[in-house]
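Chemist: See target-v4.cif below, with mmCIF, C-alpha atoms and all ligand atoms.
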data_target
#
loop_
_atom_site.group_PDB
_atom_site.id
_atom_site.type_symbol
_atom_site.label_atom_id
_atom_site.label_comp_id
_atom_site.auth_asym_id
_atom_site.auth_seq_id
_atom_site.Cartn_x
_atom_site.Cartn_y
_atom_site.Cartn_z
ATOM 1 C CA MET A 1 78.473 126.466 82.978
ATOM 2 C CA LYS A 2 81.329 127.614 80.808
ATOM 3 C CA VAL A 3 84.673 127.736 82.548
ATOM 4 C CA SER A 4 88.066 128.751 81.177
ATOM 5 C CA PHE A 5 91.376 127.582 82.542
ATOM 6 C CA LYS A 6 94.726 126.304 81.320
ATOM 7 C CA VAL A 7 95.533 122.636 80.836
ATOM 8 C CA ASN A 8 99.159 121.773 80.162
ATOM 9 C CA GLY A 9 99.805 125.356 79.164
ATOM 10 C CA LYS A 10 96.913 125.512 76.701
ATOM 11 C CA PRO A 11 93.955 127.863 77.294
ATOM 12 C CA THR A 12 90.847 125.684 77.457
ATOM 13 C CA THR A 13 87.136 126.388 77.826
ATOM 14 C CA VAL A 14 84.621 123.673 78.690
ATOM 15 C CA ASP A 15 80.860 123.801 79.083
ATOM 16 C CA VAL A 16 79.950 121.369 81.856
ATOM 17 C CA ALA A 17 77.829 121.030 85.002
ATOM 18 C CA ALA A 18 79.172 123.254 87.785
ATOM 19 C CA ASP A 19 79.709 120.242 90.029
ATOM 20 C CA MET A 20 81.540 118.107 87.484
ATOM 21 C CA PRO A 21 84.936 117.218 88.997
ATOM 22 C CA LEU A 22 88.101 118.164 87.156
ATOM 23 C CA LEU A 23 88.935 114.449 86.816
ATOM 24 C CA TRP A 24 85.816 113.894 84.689
ATOM 25 C CA ILE A 25 86.587 116.994 82.631
ATOM 26 C CA LEU A 26 90.126 115.785 81.959
ATOM 27 C CA ARG A 27 89.217 112.224 81.047
ATOM 28 C CA ASP A 28 85.780 112.480 79.442
ATOM 29 C CA VAL A 29 85.718 115.985 77.971
ATOM 30 C CA LEU A 30 89.361 116.646 77.114
ATOM 31 C CA ASP A 31 90.351 113.011 76.465
ATOM 32 C CA LEU A 32 93.398 113.184 78.738
ATOM 33 C CA LYS A 33 93.303 109.634 80.055
ATOM 34 C CA GLY A 34 96.653 109.603 81.859
ATOM 35 C CA THR A 35 94.969 110.793 85.054
ATOM 36 C CA LYS A 36 93.216 107.854 86.689
ATOM 37 C CA PHE A 37 90.001 107.356 88.640
ATOM 38 C CA GLY A 38 90.581 105.322 91.775
ATOM 39 C CA CYS A 39 88.284 106.020 94.709
ATOM 40 C CA GLY A 40 86.532 109.248 93.713
ATOM 41 C CA ILE A 41 86.606 110.457 97.321
ATOM 42 C CA ALA A 42 90.087 111.980 97.731
ATOM 43 C CA GLN A 43 91.528 108.914 99.442
ATOM 44 C CA CYS A 44 93.850 107.221 96.932
ATOM 45 C CA GLY A 45 95.713 109.878 94.926
ATOM 46 C CA ALA A 46 95.304 108.146 91.542
ATOM 47 C CA CYS A 47 93.749 111.343 90.151
ATOM 48 C CA THR A 48 96.525 113.715 91.287
ATOM 49 C CA VAL A 49 97.353 116.641 88.991
ATOM 50 C CA HIS A 50 98.953 120.016 89.616
ATOM 51 C CA VAL A 51 96.713 123.017 90.098
ATOM 52 C CA LYS A 52 98.750 126.203 90.318
ATOM 53 C CA GLY A 53 101.751 123.985 91.003
ATOM 54 C CA VAL A 54 100.161 122.196 93.944
ATOM 55 C CA ALA A 55 99.484 118.438 93.889
ATOM 56 C CA THR A 56 95.689 118.255 93.884
ATOM 57 C CA LYS A 57 93.182 115.412 93.832
ATOM 58 C CA SER A 58 91.183 116.176 90.711
ATOM 59 C CA CYS A 59 88.245 113.971 91.741
ATOM 60 C CA GLN A 60 87.275 116.545 94.347
ATOM 61 C CA LEU A 61 87.762 119.811 92.453
ATOM 62 C CA PRO A 62 84.505 120.935 90.809
ATOM 63 C CA ALA A 63 84.270 122.932 87.587
ATOM 64 C CA SER A 64 82.861 125.841 89.584
ATOM 65 C CA ARG A 65 86.278 126.340 91.192
ATOM 66 C CA LEU A 66 88.372 126.038 88.061
ATOM 67 C CA ALA A 67 88.161 129.516 86.535
ATOM 68 C CA GLY A 68 91.663 130.762 85.768
ATOM 69 C CA ALA A 69 93.350 127.661 87.194
ATOM 70 C CA ASP A 70 96.609 126.420 85.750
ATOM 71 C CA VAL A 71 96.305 122.635 85.543
ATOM 72 C CA VAL A 72 99.141 120.276 84.624
ATOM 73 C CA THR A 73 98.506 116.577 84.065
ATOM 74 C CA ILE A 74 100.953 113.722 83.523
ATOM 75 C CA GLU A 75 100.677 114.410 79.778
ATOM 76 C CA GLY A 76 101.957 117.936 80.385
ATOM 77 C CA LEU A 77 104.865 117.180 82.682
ATOM 78 C CA THR A 78 107.216 117.131 79.684
ATOM 79 C CA PRO A 79 106.492 116.963 75.974
ATOM 80 C CA ASP A 80 108.361 113.669 75.632
ATOM 81 C CA GLY A 81 108.278 111.820 78.949
ATOM 82 C CA GLY A 82 111.815 112.973 79.679
ATOM 83 C CA HIS A 83 111.216 114.453 83.134
ATOM 84 C CA ALA A 84 113.872 113.365 85.627
ATOM 85 C CA LEU A 85 111.200 111.530 87.611
ATOM 86 C CA GLN A 86 109.951 109.634 84.580
ATOM 87 C CA GLN A 87 113.514 108.621 83.744
ATOM 88 C CA ALA A 88 114.135 107.546 87.342
ATOM 89 C CA TRP A 89 110.853 105.586 87.313
ATOM 90 C CA ILE A 90 112.161 103.642 84.308
ATOM 91 C CA GLN A 91 115.586 103.155 85.899
ATOM 92 C CA HIS A 92 114.070 101.718 89.076
ATOM 93 C CA ASP A 93 111.378 99.787 87.227
ATOM 94 C CA VAL A 94 108.886 101.302 89.646
ATOM 95 C CA PRO A 95 105.431 100.416 88.289
ATOM 96 C CA GLN A 96 103.792 97.091 88.816
ATOM 97 C CA CYS A 97 100.227 97.279 87.465
ATOM 98 C CA GLY A 98 100.887 100.965 86.850
ATOM 99 C CA TYR A 99 97.451 102.246 87.790
ATOM 100 C CA CYS A 100 98.544 104.582 90.577
ATOM 101 C CA GLN A 101 101.751 105.757 88.963
ATOM 102 C CA ALA A 102 100.674 108.910 87.109
ATOM 103 C CA GLY A 103 99.347 110.233 90.394
ATOM 104 C CA GLN A 104 102.502 109.166 92.191
ATOM 105 C CA ILE A 105 104.715 110.992 89.694
ATOM 106 C CA MET A 106 102.608 114.154 89.873
ATOM 107 C CA SER A 107 102.858 114.211 93.668
ATOM 108 C CA ALA A 108 106.595 113.581 93.456
ATOM 109 C CA ALA A 109 107.026 116.367 90.879
ATOM 110 C CA ALA A 110 105.226 118.849 93.123
ATOM 111 C CA LEU A 111 107.498 117.788 95.989
ATOM 112 C CA LEU A 112 110.714 118.240 93.989
ATOM 113 C CA ALA A 113 109.570 121.634 92.699
ATOM 114 C CA LYS A 114 109.189 122.753 96.294
ATOM 115 C CA LYS A 115 112.021 120.791 97.822
ATOM 116 C CA PRO A 116 114.720 119.744 95.336
ATOM 117 C CA ARG A 117 116.606 117.635 97.913
ATOM 118 C CA PRO A 118 113.950 115.857 99.935
ATOM 119 C CA THR A 119 114.775 113.588 102.859
ATOM 120 C CA ASP A 120 113.055 110.241 103.336
ATOM 121 C CA ALA A 121 110.742 111.933 105.809
ATOM 122 C CA ASP A 122 109.884 114.667 103.277
ATOM 123 C CA ILE A 123 109.105 112.008 100.691
ATOM 124 C CA ASP A 124 106.978 109.933 103.035
ATOM 125 C CA SER A 125 105.012 112.964 104.095
ATOM 126 C CA ALA A 126 104.516 114.324 100.552
ATOM 127 C CA MET A 127 103.546 110.919 99.150
ATOM 128 C CA ASN A 128 101.290 109.634 101.895
ATOM 129 C CA GLY A 129 98.130 110.615 100.020
ATOM 130 C CA ASN A 130 99.064 108.327 97.128
ATOM 131 C CA LEU A 131 98.200 104.702 97.684
ATOM 132 C CA CYS A 132 99.659 101.805 95.723
ATOM 133 C CA ARG A 133 97.844 98.503 95.976
ATOM 134 C CA CYS A 134 100.883 96.802 94.444
ATOM 135 C CA GLY A 135 103.172 98.097 97.186
ATOM 136 C CA THR A 136 105.780 99.877 95.059
ATOM 137 C CA TYR A 137 106.557 102.394 97.811
ATOM 138 C CA THR A 138 110.182 101.347 98.249
ATOM 139 C CA ARG A 139 110.972 101.823 94.581
ATOM 140 C CA ILE A 140 109.021 105.076 94.461
ATOM 141 C CA ARG A 141 111.140 106.487 97.243
ATOM 142 C CA ALA A 142 114.382 105.349 95.633
ATOM 143 C CA ALA A 143 113.328 106.826 92.280
ATOM 144 C CA ILE A 144 112.511 110.172 93.858
ATOM 145 C CA HIS A 145 115.984 110.251 95.415
ATOM 146 C CA THR A 146 117.535 109.406 92.054
ATOM 147 C CA ALA A 147 115.557 112.139 90.311
ATOM 148 C CA ALA A 148 116.621 114.578 92.996
ATOM 149 C CA GLY A 149 120.237 113.528 92.561
ATOM 150 C CA THR A 150 120.586 112.762 96.249
ATOM 151 C CA ALA A 151 122.018 109.833 98.107
ATOM 152 C CA THR A 152 119.434 108.112 100.248
ATOM 153 C CA THR A 153 119.612 108.784 103.934
ATOM 154 C CA ASP A 154 118.703 105.455 105.418
ATOM 155 C CA GLY A 155 120.520 102.973 103.235
ATOM 156 C CA ALA A 156 119.151 99.583 102.333
ATOM 157 C CA ALA A 157 115.678 100.182 103.687
ATOM 158 C CA ASN A 158 114.723 102.192 100.665
ATOM 159 C CA GLY A 159 116.230 100.004 97.984
ATOM 160 C CA SER A 160 118.805 102.526 96.854
ATOM 161 C CA ARG A 161 121.735 100.165 96.488
ATOM 162 C CA ASP A 162 121.050 99.487 92.831
ATOM 163 C CA GLU A 163 121.550 103.145 91.867
HETATM 164 S S1 LIG A 201 90.301 109.099 92.592
HETATM 165 FE FE1 LIG A 201 90.818 110.984 93.478
HETATM 166 S S2 LIG A 201 91.851 110.452 95.303
HETATM 167 FE FE2 LIG A 201 91.104 108.548 94.546
HETATM 168 S S1 LIG A 202 101.537 99.930 90.687
HETATM 169 FE FE1 LIG A 202 99.637 98.913 90.940
HETATM 170 S S2 LIG A 202 98.520 100.234 92.243
HETATM 171 FE FE2 LIG A 202 100.493 101.082 92.224
#
Can you dump the structure from the file as structure tokens?
Ligand code: FES
Ligand code: FES
Modeler:
Amino acid sequence: MKVSFKVNGKPTTVDVAADMPLLWILRDVLDLKGTKFGCGIAQCGACTVHVKGVATKSCQLPASRLAGADVVTIEGLTPDGGHALQQAWIQHDVPQCGYCQAGQIMSAAALLAKKPRPTDADIDSAMNGNLCRCGTYTRIRAAIHTAAGTATTDGAANGSRDE
């Protein structure tokens, strides 16, 4: 089937099987490799992108449901990697192996768009669909607070003292 939607602001039409997941379309058809394949069953969050501004697991969204969608991937967050979250990620040296991090940043960006001053509880709840086998959760939380320009609410537990 042919389906037209926007990717990173650009109108795009692909001709793919109706059940092909968005993740495959992004990586294999459109060559946008920043979005990662982890589990393929909506359990890990590595494939998170924004669809109509909502953090969405692209491994479970078929082409048949994409018509007219507005998709933003990590490549489209900013033209130059200068998003406040990306800067905070560098400042806190968040990634370890890095594999989960594009998905983490996309979930965090959707959170900040909705809630510019999230609490620790907001962050934990928004990020709990994004797993990190390397265990970078503490730095992720601190970086989200930095990007939001907030002081952390529970002190040392979230590694914020180096801000
Ligand atoms: S690859 Fe989509 S949630 Fe794991
Ligand atoms: S940094 Fe390795 S899986 Fe998260």
Chemist: Could you give me, as JSON, numbers by chain, every polymer residue with an atom at most 9 Å away from an atom of ligand LIG 202 (chain A), counting only C-alpha atoms and all ligand atoms?
Modeler: {"A": [46, 94, 95, 96, 97, 98, 99, 100, 101, 104, 130, 131, 132, 133, 134, 135, 136, 137]}
Chemist: Near region 26-42 of chain A, within 9 Å and counting only C-alpha atoms, which residues show up once chain neighbours fewer than 6 positions away are dropped, as a PyMOL selection string?
Modeler: chain A and resi 7+14+16+48-49+57-60+73-75+99-100+102-103+129
Chemist: Please enumerate the residues selected by the PyMOL selection byres (((chain A and resi 106-120) around 8) and not hetatm) when evaluated against the supplied file, formatted as JSON, numbers by chain.
Modeler: {"A": [48, 49, 50, 53, 54, 55, 73, 74, 85, 102, 103, 104, 105, 121, 122, 123, 124, 126, 127, 130, 141, 144, 145, 148, 149, 150, 152, 153, 154]}
Chemist: Distance CA of Leu77 (chain A)-CA of Gly9 (chain A), one decimal place?
Modeler: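 Taking CA of Leu77 (chain A) and CA of Gly9 (chain A), their separation equals 10.2 Å.
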Chemist: So, with only C-alpha atoms and all ligand atoms as the atoms that count, which of A:Asn128, A:Lys2, A:Ala18, A:Ala63 lies closest to ligand LIG 201 (chain A)?
Modeler: A:Asn128
Chemist: In Å, rounded to a single decimal, give me how far CA of Ile90 (chain A) is from CA of Val71 (chain A).
Modeler: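 The value is 24.8 Å.
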Chemist: Which is closest to ligand LIG 201 (chain A) among A:Gln86, A:Thr12, A:Thr56, A:Ser64, if we use all atoms listed in the file?
Modeler: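 Residue with the minimum atom-to-atom distance to ligand LIG 201 (chain A): A:Thr56.
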Chemist: Between A:Val72, A:Pro79, A:Gln43, A:Asn8, which is the closest to ligand LIG 201 (chain A) once you count all atoms listed in the file?
Modeler: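 Nearest to ligand LIG 201 (chain A): A:Gln43.
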